[in-house]
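Structure file upload26.cif with mmCIF, C-alpha atoms:
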data_model
loop_
_atom_site.label_atom_id
_atom_site.label_comp_id
_atom_site.auth_asym_id
_atom_site.auth_seq_id
_atom_site.Cartn_x
_atom_site.Cartn_y
_atom_site.Cartn_z
CA MET D 1 0.00 0.00 0.00
CA ILE D 2 1.06 3.56 -0.72
CA ALA D 3 0.62 6.44 1.71
CA GLU D 4 0.82 10.19 1.46
CA ILE D 5 1.42 12.32 4.54
CA LEU D 6 -0.13 15.76 4.39
CA SER D 7 1.00 18.48 6.79
CA ILE D 8 -1.34 21.46 7.00
CA GLY D 9 -0.62 24.91 8.42
CA ASP D 10 0.79 28.33 7.57
CA GLU D 11 3.24 27.92 10.43
CA LEU D 12 4.83 25.05 8.46
CA THR D 13 4.87 26.62 5.01
CA CYS D 14 6.42 29.86 6.33
CA GLY D 15 9.07 27.96 8.26
CA LYS D 16 8.16 29.04 11.79
CA ILE D 17 7.67 25.45 12.98
CA LEU D 18 9.57 22.32 11.98
CA ASP D 19 7.38 19.47 10.72
CA THR D 20 8.31 16.55 12.98
CA ASN D 21 4.93 14.85 12.57
CA SER D 22 5.69 13.64 9.05
CA GLN D 23 8.95 12.03 10.11
CA TRP D 24 7.27 10.23 12.99
CA LEU D 25 4.28 9.08 10.94
CA ALA D 26 6.54 7.83 8.13
CA ARG D 27 8.28 5.49 10.59
CA GLU D 28 4.95 4.28 11.96
CA LEU D 29 3.56 3.61 8.49
CA SER D 30 6.70 1.70 7.57
CA ASP D 31 6.17 -0.53 10.60
CA LEU D 32 2.76 -1.43 9.15
CA GLY D 33 4.26 -2.25 5.77
CA ILE D 34 2.75 0.87 4.21
CA ARG D 35 5.12 2.76 1.94
CA GLY D 36 5.14 6.48 2.64
CA LEU D 37 5.86 7.57 -0.91
CA TYR D 38 4.76 11.21 -0.72
CA HIS D 39 5.07 14.04 1.82
CA THR D 40 3.14 17.23 1.09
CA THR D 41 2.94 20.49 3.06
CA VAL D 42 0.22 23.05 2.42
CA GLY D 43 -0.83 26.28 4.11
CA ASP D 44 -4.17 27.16 5.68
CA ASP D 45 -5.99 27.68 2.41
CA LEU D 46 -9.23 25.87 1.51
CA ASP D 47 -8.71 25.62 -2.26
CA ALA D 48 -5.06 24.63 -1.91
CA THR D 49 -5.85 21.92 0.66
CA ILE D 50 -8.66 20.50 -1.50
CA ALA D 51 -6.26 20.43 -4.45
CA VAL D 52 -3.50 18.52 -2.65
CA LEU D 53 -6.05 16.12 -1.18
CA ARG D 54 -7.41 15.43 -4.66
CA ILE D 55 -3.92 14.68 -5.97
CA ALA D 56 -3.28 12.41 -3.00
CA THR D 57 -6.42 10.36 -3.69
CA GLN D 58 -5.12 9.71 -7.20
CA ARG D 59 -1.78 8.27 -6.07
CA ALA D 60 -2.13 6.90 -2.53
CA ASP D 61 -4.23 4.36 -0.66
CA VAL D 62 -3.81 6.00 2.74
CA ILE D 63 -3.72 9.75 3.32
CA ILE D 64 -2.69 10.90 6.79
CA ALA D 65 -3.23 14.62 7.38
CA THR D 66 -2.12 16.55 10.46
CA GLY D 67 -3.14 20.05 11.44
CA GLY D 68 -6.07 22.31 10.66
CA LEU D 69 -8.55 20.73 13.09
CA GLY D 70 -8.68 23.57 15.62
CA PRO D 71 -11.56 25.96 16.40
CA THR D 72 -10.37 29.05 14.52
CA ALA D 73 -11.41 30.34 11.10
CA ASP D 74 -8.17 29.23 9.44
CA ASP D 75 -8.60 25.59 10.56
CA LEU D 76 -10.02 24.15 7.37
CA THR D 77 -9.14 20.45 7.22
CA ARG D 78 -12.69 19.21 7.90
CA GLU D 79 -14.14 21.58 5.33
CA SER D 80 -11.51 20.53 2.77
CA ILE D 81 -12.27 16.82 3.16
CA ALA D 82 -16.03 17.44 2.96
CA ALA D 83 -15.62 19.58 -0.16
CA LEU D 84 -13.36 17.00 -1.78
CA LEU D 85 -15.95 14.26 -1.20
CA GLY D 86 -18.94 16.48 -2.03
CA VAL D 87 -20.65 15.83 1.31
CA PRO D 88 -21.88 18.13 4.09
CA LEU D 89 -20.37 18.41 7.57
CA GLU D 90 -22.50 16.90 10.33
CA GLN D 91 -22.22 17.50 14.05
CA ASN D 92 -21.13 14.41 15.96
CA ALA D 93 -22.89 14.29 19.33
CA ASP D 94 -20.25 12.12 21.01
CA ALA D 95 -17.43 14.35 19.80
CA LEU D 96 -19.25 17.47 21.05
CA GLU D 97 -19.80 15.95 24.49
CA SER D 98 -16.15 14.93 24.65
CA ILE D 99 -15.08 18.50 23.92
CA LYS D 100 -17.45 19.89 26.57
CA ALA D 101 -16.23 17.33 29.11
CA LEU D 102 -12.62 18.34 28.54
CA PHE D 103 -13.44 22.00 29.17
CA ARG D 104 -15.30 21.06 32.36
CA LYS D 105 -12.38 18.96 33.52
CA ARG D 106 -9.99 21.86 33.01
CA GLY D 107 -12.31 24.34 34.69
CA ARG D 108 -12.53 26.53 31.59
CA GLU D 109 -15.51 28.05 29.83
CA MET D 110 -16.08 26.65 26.35
CA THR D 111 -16.54 29.29 23.66
CA SER D 112 -18.99 28.70 20.83
CA ASN D 113 -16.30 28.37 18.15
CA ASN D 114 -15.11 25.14 19.77
CA GLU D 115 -18.34 23.47 18.61
CA LYS D 116 -16.87 23.61 15.11
CA GLN D 117 -14.47 20.85 16.07
CA ALA D 118 -17.34 18.38 16.56
CA PHE D 119 -18.34 18.52 12.87
CA ILE D 120 -17.34 15.49 10.77
CA PRO D 121 -17.77 14.97 7.00
CA GLN D 122 -20.86 12.88 6.31
CA GLY D 123 -19.98 9.19 6.11
CA GLY D 124 -16.87 9.60 8.23
CA LYS D 125 -16.30 8.96 11.89
CA ALA D 126 -14.67 10.90 14.69
CA ILE D 127 -11.40 9.72 16.22
CA ARG D 128 -11.35 10.15 19.97
CA ASN D 129 -8.83 12.69 21.31
CA PRO D 130 -8.23 11.82 25.00
CA ASN D 131 -6.35 15.00 25.92
CA GLY D 132 -7.33 17.59 23.35
CA THR D 133 -10.39 19.40 22.04
CA ALA D 134 -9.95 18.41 18.39
CA PRO D 135 -11.26 14.93 17.46
CA GLY D 136 -9.78 13.39 14.37
CA VAL D 137 -11.54 12.44 11.16
CA ASP D 138 -11.54 8.99 9.55
CA VAL D 139 -13.26 8.30 6.26
CA THR D 140 -12.97 5.39 3.81
CA VAL D 141 -13.97 6.06 0.20
CA ALA D 142 -14.55 3.73 -2.77
CA ARG D 143 -12.62 4.77 -5.87
CA LYS D 144 -14.84 5.73 -8.77
CA ASN D 145 -12.21 4.90 -11.35
CA SER D 146 -9.56 2.20 -11.31
CA HIS D 147 -6.00 3.26 -10.64
CA GLU D 148 -3.06 1.05 -11.48
CA ASN D 149 -1.34 -0.44 -8.42
CA LEU D 150 -3.87 1.18 -6.06
CA MET D 151 -6.56 -0.36 -3.88
CA SER D 152 -10.29 -0.27 -4.60
CA HIS D 153 -10.74 2.06 -1.62
CA TYR D 154 -8.66 4.86 -0.17
CA ARG D 155 -8.70 6.15 3.38
CA ILE D 156 -8.29 9.69 4.70
CA ILE D 157 -7.31 10.12 8.32
CA ALA D 158 -6.97 13.62 9.77
CA LEU D 159 -5.26 14.15 13.12
CA PRO D 160 -4.40 17.24 15.19
CA GLY D 161 -1.10 18.95 14.52
CA VAL D 162 -0.11 18.92 18.20
CA PRO D 163 2.45 16.06 18.28
CA ALA D 164 1.51 14.72 21.71
CA GLU D 165 -2.20 14.51 20.80
CA MET D 166 -1.48 13.07 17.37
CA LYS D 167 0.77 10.31 18.74
CA GLU D 168 -1.68 9.38 21.50
CA MET D 169 -4.56 9.09 19.04
CA TRP D 170 -2.40 7.08 16.65
CA HIS D 171 -1.51 4.50 19.28
CA GLU D 172 -4.96 4.36 20.89
CA THR D 173 -7.08 4.11 17.74
CA VAL D 174 -5.54 4.71 14.35
CA ARG D 175 -2.69 2.21 14.20
CA GLY D 176 -4.82 -0.86 14.94
CA GLU D 177 -7.61 0.14 12.57
CA LEU D 178 -5.17 1.03 9.80
CA GLU D 179 -3.41 -2.31 10.17
CA ALA D 180 -6.76 -4.12 9.81
CA PHE D 181 -7.60 -1.97 6.77
CA CYS D 182 -4.27 -2.83 5.19
CA ARG D 183 -4.81 -6.56 5.70
CA LYS D 184 -8.34 -6.38 4.30
CA MET D 185 -7.37 -4.37 1.21
CA THR D 186 -4.28 -6.42 0.33
CA GLY D 187 -5.65 -9.81 1.30
CA ARG D 188 -2.36 -10.56 3.02
CA ASN D 189 -2.83 -12.14 6.44
CA VAL D 190 0.48 -10.90 7.81
CA VAL D 191 1.70 -8.35 10.28
CA ILE D 192 4.90 -6.37 9.94
CA ARG D 193 6.99 -5.46 12.96
CA SER D 194 10.36 -3.81 13.47
CA ARG D 195 13.01 -3.65 16.16
CA SER D 196 15.45 -0.75 16.48
CA ILE D 197 18.82 -1.22 18.19
CA HIS D 198 20.79 1.94 19.04
CA SER D 199 24.54 2.29 19.31
CA PHE D 200 26.95 5.10 20.12
CA GLY D 201 30.71 5.45 19.90
CA ALA D 202 31.37 4.45 16.28
CA GLY D 203 30.42 5.99 12.96
CA GLU D 204 27.94 4.60 10.45
CA SER D 205 30.59 3.21 8.10
CA GLN D 206 32.48 1.60 10.98
CA VAL D 207 29.33 -0.06 12.30
CA GLU D 208 28.45 -1.37 8.86
CA THR D 209 31.98 -2.77 8.50
CA MET D 210 31.55 -4.59 11.80
CA LEU D 211 28.36 -6.18 10.40
CA PRO D 212 29.34 -7.35 6.89
CA ASP D 213 26.45 -8.16 4.54
CA ILE D 214 23.81 -7.52 7.20
CA VAL D 215 22.56 -4.33 5.46
CA ASN D 216 21.48 -6.09 2.29
CA ARG D 217 18.16 -5.45 0.54
CA THR D 218 17.85 -9.16 -0.32
CA ARG D 219 18.37 -10.31 3.25
CA PHE D 220 15.56 -11.51 5.50
CA PRO D 221 14.77 -10.12 7.95
CA LEU D 222 15.56 -6.79 6.34
CA VAL D 223 18.06 -4.59 8.21
CA GLY D 224 18.51 -0.87 7.67
CA ILE D 225 21.11 1.45 9.18
CA THR D 226 20.59 5.13 9.95
CA ALA D 227 22.67 7.85 11.59
CA ASP D 228 21.04 10.59 13.62
CA ARG D 229 23.19 13.08 15.55
CA ALA D 230 25.96 10.53 16.26
CA THR D 231 23.52 7.74 17.19
CA ILE D 232 23.66 4.76 14.81
CA THR D 233 20.48 2.67 14.66
CA LEU D 234 20.06 -0.81 13.19
CA ARG D 235 16.43 -1.40 12.30
CA ILE D 236 15.29 -5.00 11.77
CA GLN D 237 11.97 -5.59 9.99
CA ALA D 238 10.10 -8.86 9.57
CA GLU D 239 6.67 -9.99 8.46
CA ALA D 240 4.74 -13.08 9.56
CA PRO D 241 1.18 -14.19 10.37
CA THR D 242 1.55 -13.08 14.00
CA GLU D 243 3.48 -10.49 15.98
CA GLU D 244 5.15 -13.24 18.01
CA GLU D 245 6.50 -14.90 14.87
CA CYS D 246 7.85 -11.57 13.64
CA PHE D 247 9.93 -11.12 16.78
CA GLU D 248 11.05 -14.74 16.68
CA GLN D 249 12.32 -14.20 13.14
CA MET D 250 14.20 -11.08 14.22
CA GLU D 251 15.89 -12.60 17.27
CA PRO D 252 18.87 -14.31 15.51
CA THR D 253 19.68 -11.09 13.66
CA ALA D 254 19.40 -9.06 16.86
CA LYS D 255 21.75 -11.49 18.62
CA LEU D 256 24.26 -11.14 15.79
CA ILE D 257 24.15 -7.34 16.10
CA TYR D 258 24.63 -7.52 19.87
CA ASP D 259 27.51 -9.99 19.54
CA LYS D 260 29.33 -7.87 16.96
CA LEU D 261 28.76 -4.39 18.43
CA GLY D 262 28.95 -5.32 22.11
CA PRO D 263 29.32 -2.26 24.39
CA LEU D 264 28.56 0.14 21.55
CA ILE D 265 24.88 -0.78 21.96
CA TYR D 266 23.04 1.22 24.60
CA GLY D 267 19.34 0.57 24.02
CA GLU D 268 16.37 -0.14 21.80
CA ALA D 269 13.10 1.38 20.60
CA ASP D 270 12.61 4.88 22.05
CA GLN D 271 15.41 4.64 24.63
CA THR D 272 17.86 7.54 24.77
CA LEU D 273 21.25 7.60 26.44
CA ALA D 274 19.72 9.81 29.13
CA ASP D 275 17.05 7.15 29.75
CA VAL D 276 19.75 4.49 30.14
CA VAL D 277 21.66 6.67 32.61
CA CYS D 278 18.50 7.20 34.68
CA GLU D 279 17.72 3.47 34.59
CA ILE D 280 21.18 2.68 35.97
CA LEU D 281 20.70 5.27 38.70
CA GLN D 282 17.29 3.83 39.60
CA GLN D 283 18.75 0.34 39.84
CA GLN D 284 21.56 1.59 42.07
CA LYS D 285 19.19 3.90 43.99
CA LYS D 286 21.63 6.75 43.47
CA THR D 287 21.49 10.33 42.20
CA ILE D 288 23.32 12.52 39.73
CA ALA D 289 23.99 16.23 39.12
CA VAL D 290 25.70 17.99 36.22
CA MET D 291 27.78 21.06 35.45
CA GLU D 292 28.47 22.07 31.88
CA TRP D 293 30.19 24.77 29.91
CA GLY D 294 30.51 24.06 26.20
CA THR D 295 27.12 22.42 25.71
CA ARG D 296 25.13 25.32 27.20
CA GLY D 297 22.62 23.23 29.14
CA LEU D 298 22.01 20.41 26.67
CA LEU D 299 23.17 17.75 29.14
CA ASP D 300 20.88 19.13 31.84
CA ASP D 301 17.95 19.18 29.42
CA ALA D 302 18.57 15.61 28.21
CA LEU D 303 18.50 14.21 31.74
CA ALA D 304 15.61 16.39 32.93
CA SER D 305 13.54 15.36 29.89
CA SER D 306 13.84 11.65 30.63
CA PRO D 307 10.63 10.22 32.12
CA LEU D 308 12.84 8.27 34.54
CA ALA D 309 14.65 11.32 35.92
CA LEU D 310 12.29 12.30 38.75
CA GLU D 311 14.24 10.79 41.65
CA ALA D 312 17.61 10.25 39.95
CA PHE D 313 18.47 13.68 38.51
CA LEU D 314 18.98 16.40 41.11
CA GLY D 315 19.82 19.33 38.87
CA GLY D 316 22.58 21.13 37.05
CA LEU D 317 24.65 24.29 36.64
CA ILE D 318 25.58 26.02 33.40
CA VAL D 319 28.53 28.39 33.06
CA ARG D 320 29.83 30.20 29.99
CA SER D 321 33.05 31.82 31.19
CA ALA D 322 35.86 31.44 33.70
CA ALA D 323 34.38 34.33 35.67
CA ALA D 324 31.03 32.54 35.85
CA LEU D 325 32.75 29.37 37.05
CA LYS D 326 34.63 31.27 39.75
CA ASN D 327 31.38 32.87 40.88
CA ALA D 328 29.60 29.50 40.90
CA ILE D 329 32.09 27.92 43.28
CA ARG D 330 32.75 30.96 45.48
CA PHE D 331 31.00 29.23 48.42
CA SER D 332 33.14 26.12 47.98
CA SER D 333 36.28 27.77 49.32
CA GLU D 334 38.18 24.54 49.76
CA LEU D 335 37.62 23.71 46.08
CA ALA D 336 38.55 27.19 44.89
CA GLU D 337 41.76 27.13 46.91
CA LYS D 338 42.84 23.75 45.58
CA GLN D 339 42.41 24.64 41.92
CA GLU D 340 43.23 27.87 40.14
CA ILE D 341 40.80 28.66 37.31
CA PRO D 342 42.50 30.08 34.19
CA HIS D 343 41.17 33.52 33.34
CA ASP D 344 41.77 33.13 29.59
CA PHE D 345 41.13 29.80 27.89
CA SER D 346 42.74 30.86 24.62
CA GLU D 347 46.16 29.92 25.98
CA THR D 348 45.37 27.14 28.45
CA THR D 349 47.06 23.78 28.29
CA PRO D 350 45.18 20.48 28.08
CA GLU D 351 46.32 19.77 31.63
CA GLN D 352 44.66 22.95 32.89
CA ASN D 353 41.43 22.19 31.03
CA GLU D 354 41.38 18.70 32.54
CA GLN D 355 41.82 20.19 36.00
CA VAL D 356 38.97 22.61 35.40
CA VAL D 357 36.48 19.92 34.29
CA ALA D 358 37.46 17.82 37.31
CA LEU D 359 36.80 20.84 39.52
CA MET D 360 33.37 21.26 37.92
CA CYS D 361 32.58 17.61 38.68
CA ARG D 362 33.57 17.97 42.33
CA HIS D 363 31.55 21.16 42.72
CA ALA D 364 28.40 19.52 41.27
CA LEU D 365 28.81 16.62 43.69
CA LYS D 366 29.21 18.99 46.63
CA MET D 367 26.48 21.47 45.72
CA PHE D 368 23.77 18.86 45.08
CA ASN D 369 25.03 16.24 47.55
CA ALA D 370 24.83 13.74 44.68
CA ASP D 371 26.25 10.25 44.31
CA TYR D 372 27.51 10.99 40.80
CA SER D 373 28.20 14.07 38.72
CA LEU D 374 28.93 14.74 35.07
CA ALA D 375 30.78 17.73 33.66
CA ILE D 376 31.56 19.10 30.22
CA GLY D 377 34.40 21.60 29.99
CA PRO D 378 34.87 24.60 27.73
CA TYR D 379 35.33 24.38 24.00
CA PRO D 380 38.62 25.75 22.61
CA ASP D 381 38.78 29.47 21.97
CA SER D 382 37.49 30.41 18.49
CA GLY D 383 36.58 26.78 17.84
CA LYS D 384 40.11 25.55 17.15
CA ASN D 385 39.81 22.08 15.66
CA GLY D 386 41.93 19.34 17.18
CA VAL D 387 42.25 20.94 20.62
CA PRO D 388 40.90 18.51 23.24
CA VAL D 389 37.63 19.08 25.05
CA PHE D 390 37.37 17.35 28.42
CA ILE D 391 34.40 15.60 29.96
CA ALA D 392 34.29 14.02 33.41
CA LEU D 393 32.42 11.64 35.70
CA GLY D 394 32.54 12.31 39.43
CA ILE D 395 31.86 9.53 41.96
CA SER D 396 31.22 9.97 45.69
CA GLU D 397 32.93 7.04 47.39
CA GLN D 398 31.55 5.40 50.54
CA ASN D 399 34.58 6.55 52.57
CA GLY D 400 33.72 10.18 51.87
CA THR D 401 36.33 10.75 49.17
CA THR D 402 35.65 11.82 45.59
CA ARG D 403 36.93 10.07 42.48
CA VAL D 404 36.90 11.76 39.08
CA ILE D 405 37.29 10.01 35.71
CA THR D 406 38.14 12.32 32.80
CA GLU D 407 38.16 11.82 29.05
CA SER D 408 39.31 14.08 26.25
CA HIS D 409 38.10 14.22 22.67
CA PRO D 410 39.55 16.40 19.91
CA TYR D 411 37.27 19.30 19.10
CA GLY D 412 35.89 18.93 15.58
CA GLY D 413 32.93 18.04 13.45
CA HIS D 414 29.93 19.85 12.05
CA PRO D 415 29.05 22.86 14.25
CA ALA D 416 25.37 21.84 14.35
CA LEU D 417 26.24 18.42 15.81
CA ILE D 418 29.07 19.19 18.24
CA ASP D 419 26.87 19.93 21.27
CA ASP D 420 24.88 16.72 20.78
CA LEU D 421 28.08 14.76 20.32
CA TYR D 422 29.65 15.95 23.59
CA MET D 423 26.40 15.57 25.50
CA LYS D 424 26.13 11.95 24.33
CA ARG D 425 29.81 11.28 24.98
CA THR D 426 29.33 12.42 28.55
CA LEU D 427 26.24 10.28 29.13
CA ASN D 428 28.05 7.36 27.53
CA LEU D 429 30.99 7.87 29.90
CA PHE D 430 28.61 7.32 32.79
CA ARG D 431 27.02 4.28 31.11
CA LEU D 432 30.36 2.58 30.65
CA LYS D 433 32.21 3.67 33.80
CA SER D 434 29.65 4.03 36.60
#
Would you give me this structure, written as structure tokens?
Amino acid sequence: MIAEILSIGDELTCGKILDTNSQWLARELSDLGIRGLYHTTVGDDLDATIAVLRIATQRADVIIATGGLGPTADDLTRESIAALLGVPLEQNADALESIKALFRKRGREMTSNNEKQAFIPQGGKAIRNPNGTAPGVDVTVARKNSHENLMSHYRIIALPGVPAEMKEMWHETVRGELEAFCRKMTGRNVVIRSRSIHSFGAGESQVETMLPDIVNRTRFPLVGITADRATITLRIQAEAPTEEECFEQMEPTAKLIYDKLGPLIYGEADQTLADVVCEILQQQKKTIAVMEWGTRGLLDDALASSPLALEAFLGGLIVRSAAALKNAIRFSSELAEKQEIPHDFSETTPEQNEQVVALMCRHALKMFNADYSLAIGPYPDSGKNGVPVFIALGISEQNGTTRVITESHPYGGHPALIDDLYMKRTLNLFRLKS
């Protein structure tokens, strides 16, 4: 089956917001064995949206639209679908009550324009939105004319543009129904499942070299390799009559990947390095704090954003200059006295930079009374490539002493990826050395 993903909204076409929904939906469709062949973005314009929908019906079996389901005058997705199909909009009583209930739950007065969201094109059905006011739209339509390589019916599914709402509705309702639709239309009594294995610490070409012939389009199960901000992911995909058989088919390939990559692998599915760090901390019943310079708070944000961070992550400090670092540790007199902080990092030696990042680790341990700390030192002045940047792991020992493990990595790489790279290197240091 062929799918087209349609992203609707002026905020997308003018570049104010990045379209992450299409990327996410494309992966989900692939897991169902549906080929996402087209991605289209259109602004909040009725005629333009009808036009792109019409084109989509001529070349795709499944059309997933996001955005344009809100209560304002420029939210036109429902109207566009109704106009395309030549049917009126009808108020859905269940959808209206769901919207009213959500306003009551939040203690807010519902304005009359919100009733617009309860209107669904005739012949379609509303998709429940558990935590939003905009229900989705789901309509299946018989094709009037035959189209080569396309199914006898096509399906339009419209979901809110808010990613959290869209993903929740997908998992709760859409995915299962779309999988059943796919099986019915194709006559294939199979399910397709995938398994993603994440690694860090080696590049894409190196990982592929460690797994000769595994990324081969003729191989079964199929394995793909992708690189995303220094994370290398091996994605295994299989199809079988049942989900259990799919995962059984994938297991030997997964074992091969684990055997070959070993400690490079840190997790699967939606796991991040920050999640893995927090899992280790939960298992040990210990805590962590951070202090960072070059990455400007990215390490703090990664840990704080993990759903497992509540008890494990105590907090962090961000500094951007030697003066800021001196000011941050001014209450830790014993630390300040033991280590002089260079006032100008343009001429510092690697030894001095290593001492500074170790000092940052010790200060984070002391300030937050944490069991562990992580620190990222300053980048070289004017971004000099090849000059080492230091990261560190601090450990509070049971005897009251502090141990610090440091690593250095030559500064270099694409400017847009450097912060992510050092953040992940620091989390990985904890994963391997804690």
- Message: For the PyMOL selection byres ((chain D and resi 253-256) around 10), applied here, can you spell out every residue it catches as number ranges by chain?
- Response: D: 195-197, 211, 214, 220-223, 234-236, 247-252, 257-262
With C-alpha atoms retained, write the just-selected residues as a JSON list (two decimals), in the frame of the given file.
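See again-v3.json below for the written result:
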[["chain", "number", "residue", "atom", "x", "y", "z"],
["D", 195, "ARG", "CA", 13.01, -3.65, 16.16],
["D", 196, "SER", "CA", 15.45, -0.75, 16.48],
["D", 197, "ILE", "CA", 18.82, -1.22, 18.19],
["D", 211, "LEU", "CA", 28.36, -6.18, 10.40],
["D", 214, "ILE", "CA", 23.81, -7.52, 7.20],
["D", 220, "PHE", "CA", 15.56, -11.51, 5.50],
["D", 221, "PRO", "CA", 14.77, -10.12, 7.95],
["D", 222, "LEU", "CA", 15.56, -6.79, 6.34],
["D", 223, "VAL", "CA", 18.06, -4.59, 8.21],
["D", 234, "LEU", "CA", 20.06, -0.81, 13.19],
["D", 235, "ARG", "CA", 16.43, -1.40, 12.30],
["D", 236, "ILE", "CA", 15.29, -5.00, 11.77],
["D", 247, "PHE", "CA", 9.93, -11.12, 16.78],
["D", 248, "GLU", "CA", 11.05, -14.74, 16.68],
["D", 249, "GLN", "CA", 12.32, -14.20, 13.14],
["D", 250, "MET", "CA", 14.20, -11.08, 14.22],
["D", 251, "GLU", "CA", 15.89, -12.60, 17.27],
["D", 252, "PRO", "CA", 18.87, -14.31, 15.51],
["D", 257, "ILE", "CA", 24.15, -7.34, 16.10],
["D", 258, "TYR", "CA", 24.63, -7.52, 19.87],
["D", 259, "ASP", "CA", 27.51, -9.99, 19.54],
["D", 260, "LYS", "CA", 29.33, -7.87, 16.96],
["D", 261, "LEU", "CA", 28.76, -4.39, 18.43],
["D", 262, "GLY", "CA", 28.95, -5.32, 22.11]]
- Task: Select, from D:Ala274, D:Thr186, D:Ala82, D:Cys14, the residue with the minimum atom-to-atom distance to Val141 (chain D), counting all atoms listed in the file.
- Result: D:Ala82
- Given the file shown, enumerate the residues that the PyMOL selection byres ((chain D and resi 406-422) around 9) captures and present them as a ChimeraX atom specification. /D:229-231,294-296,298-299,350,354,357-358,376,379-380,383-394,404-405,423-427,429
Kindly export the residues of the current selection with C-alpha atoms, as an mmCIF file, in the frame of the given file.
data_model
loop_
_atom_site.group_PDB
_atom_site.id
_atom_site.type_symbol
_atom_site.label_atom_id
_atom_site.label_comp_id
_atom_site.auth_asym_id
_atom_site.auth_seq_id
_atom_site.Cartn_x
_atom_site.Cartn_y
_atom_site.Cartn_z
ATOM 1 C CA ARG D 229 23.190 13.080 15.550
ATOM 2 C CA ALA D 230 25.960 10.530 16.260
ATOM 3 C CA THR D 231 23.520 7.740 17.190
ATOM 4 C CA GLY D 294 30.510 24.060 26.200
ATOM 5 C CA THR D 295 27.120 22.420 25.710
ATOM 6 C CA ARG D 296 25.130 25.320 27.200
ATOM 7 C CA LEU D 298 22.010 20.410 26.670
ATOM 8 C CA LEU D 299 23.170 17.750 29.140
ATOM 9 C CA PRO D 350 45.180 20.480 28.080
ATOM 10 C CA GLU D 354 41.380 18.700 32.540
ATOM 11 C CA VAL D 357 36.480 19.920 34.290
ATOM 12 C CA ALA D 358 37.460 17.820 37.310
ATOM 13 C CA ILE D 376 31.560 19.100 30.220
ATOM 14 C CA TYR D 379 35.330 24.380 24.000
ATOM 15 C CA PRO D 380 38.620 25.750 22.610
ATOM 16 C CA GLY D 383 36.580 26.780 17.840
ATOM 17 C CA LYS D 384 40.110 25.550 17.150
ATOM 18 C CA ASN D 385 39.810 22.080 15.660
ATOM 19 C CA GLY D 386 41.930 19.340 17.180
ATOM 20 C CA VAL D 387 42.250 20.940 20.620
ATOM 21 C CA PRO D 388 40.900 18.510 23.240
ATOM 22 C CA VAL D 389 37.630 19.080 25.050
ATOM 23 C CA PHE D 390 37.370 17.350 28.420
ATOM 24 C CA ILE D 391 34.400 15.600 29.960
ATOM 25 C CA ALA D 392 34.290 14.020 33.410
ATOM 26 C CA LEU D 393 32.420 11.640 35.700
ATOM 27 C CA GLY D 394 32.540 12.310 39.430
ATOM 28 C CA VAL D 404 36.900 11.760 39.080
ATOM 29 C CA ILE D 405 37.290 10.010 35.710
ATOM 30 C CA MET D 423 26.400 15.570 25.500
ATOM 31 C CA LYS D 424 26.130 11.950 24.330
ATOM 32 C CA ARG D 425 29.810 11.280 24.980
ATOM 33 C CA THR D 426 29.330 12.420 28.550
ATOM 34 C CA LEU D 427 26.240 10.280 29.130
ATOM 35 C CA LEU D 429 30.990 7.870 29.900
#
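In terms of minimum interatomic distance to Gln283 (chain D), D:Leu308 ranks closest within D:His171, D:Thr49, D:Arg59, D:Leu308, counting all atoms listed in the file.
Evaluating the PyMOL selection byres ((chain D and resi 205-207) around 10) against the shown model yields Ser199, Phe200, Gly201, Ala202, Gly203, Glu204, Glu208, Thr209, Met210, Leu211, Pro212, Ile225, Ala227, Ile232, Thr233, Leu234, Ile257, Lys260, Leu261 and Leu264 of chain D.
Comparing D:Ala302, D:Ala289, D:Met367, D:Ile157 by their smallest distance to Thr272 (chain D), the closest is D:Ala302 (using all atoms listed in the file).
Take the candidates D:Val191, D:Ile8, D:Val215, D:Ala328 and check each one against Glu245 (chain D) using all atoms listed in the file; the shortest distance goes to D:Val191.
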- What does the distance from CA of Thr287 (chain D) to CA of Ser373 (chain D) come to in Å, to one decimal? 8.4 Å
- Query: Can you tell me how far CA of Ala126 (chain D) sits from CA of Trp170 (chain D), in Å to one decimal?
  - Reply: 13.0 Å
- Task: Write out as a PyMOL selection string which residues come within 10 Å of region 31-38 of chain D when counting all atoms listed in the file, dropping same-chain ones fewer than 4 positions away.
- Result: chain D and resi 1-6+22+25-27+56+59-64+175-176+178-180+182-183+190-195+237-239
- Note on the structure: Counting only C-alpha atoms, closest pick from D:Cys246, D:Leu150, D:Ala93, D:Ile127 relative to Glu168 (chain D) is D:Ile127
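The neighbours of Leu365 (chain D) here are the residues that come within 10 Å of it, using only C-alpha atoms and leaving out any residue fewer than 5 positions away in the same chain; they are Thr287, Ile288, Ala289, Val290, Met291, Leu359, Met360, Ala370, Asp371, Tyr372, Ser373, Leu374, Gly394, Ile395, Ser396 and Thr402 of chain D.
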Serialized selection, C-alpha atoms, as a CSV table (one decimal), in the frame of the given file:
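And here is the file that came out, again.csv:
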chain,number,residue,atom,x,y,z
D,287,THR,CA,21.5,10.3,42.2
D,288,ILE,CA,23.3,12.5,39.7
D,289,ALA,CA,24.0,16.2,39.1
D,290,VAL,CA,25.7,18.0,36.2
D,291,MET,CA,27.8,21.1,35.4
D,359,LEU,CA,36.8,20.8,39.5
D,360,MET,CA,33.4,21.3,37.9
D,370,ALA,CA,24.8,13.7,44.7
D,371,ASP,CA,26.2,10.2,44.3
D,372,TYR,CA,27.5,11.0,40.8
D,373,SER,CA,28.2,14.1,38.7
D,374,LEU,CA,28.9,14.7,35.1
D,394,GLY,CA,32.5,12.3,39.4
D,395,ILE,CA,31.9,9.5,42.0
D,396,SER,CA,31.2,10.0,45.7
D,402,THR,CA,35.6,11.8,45.6
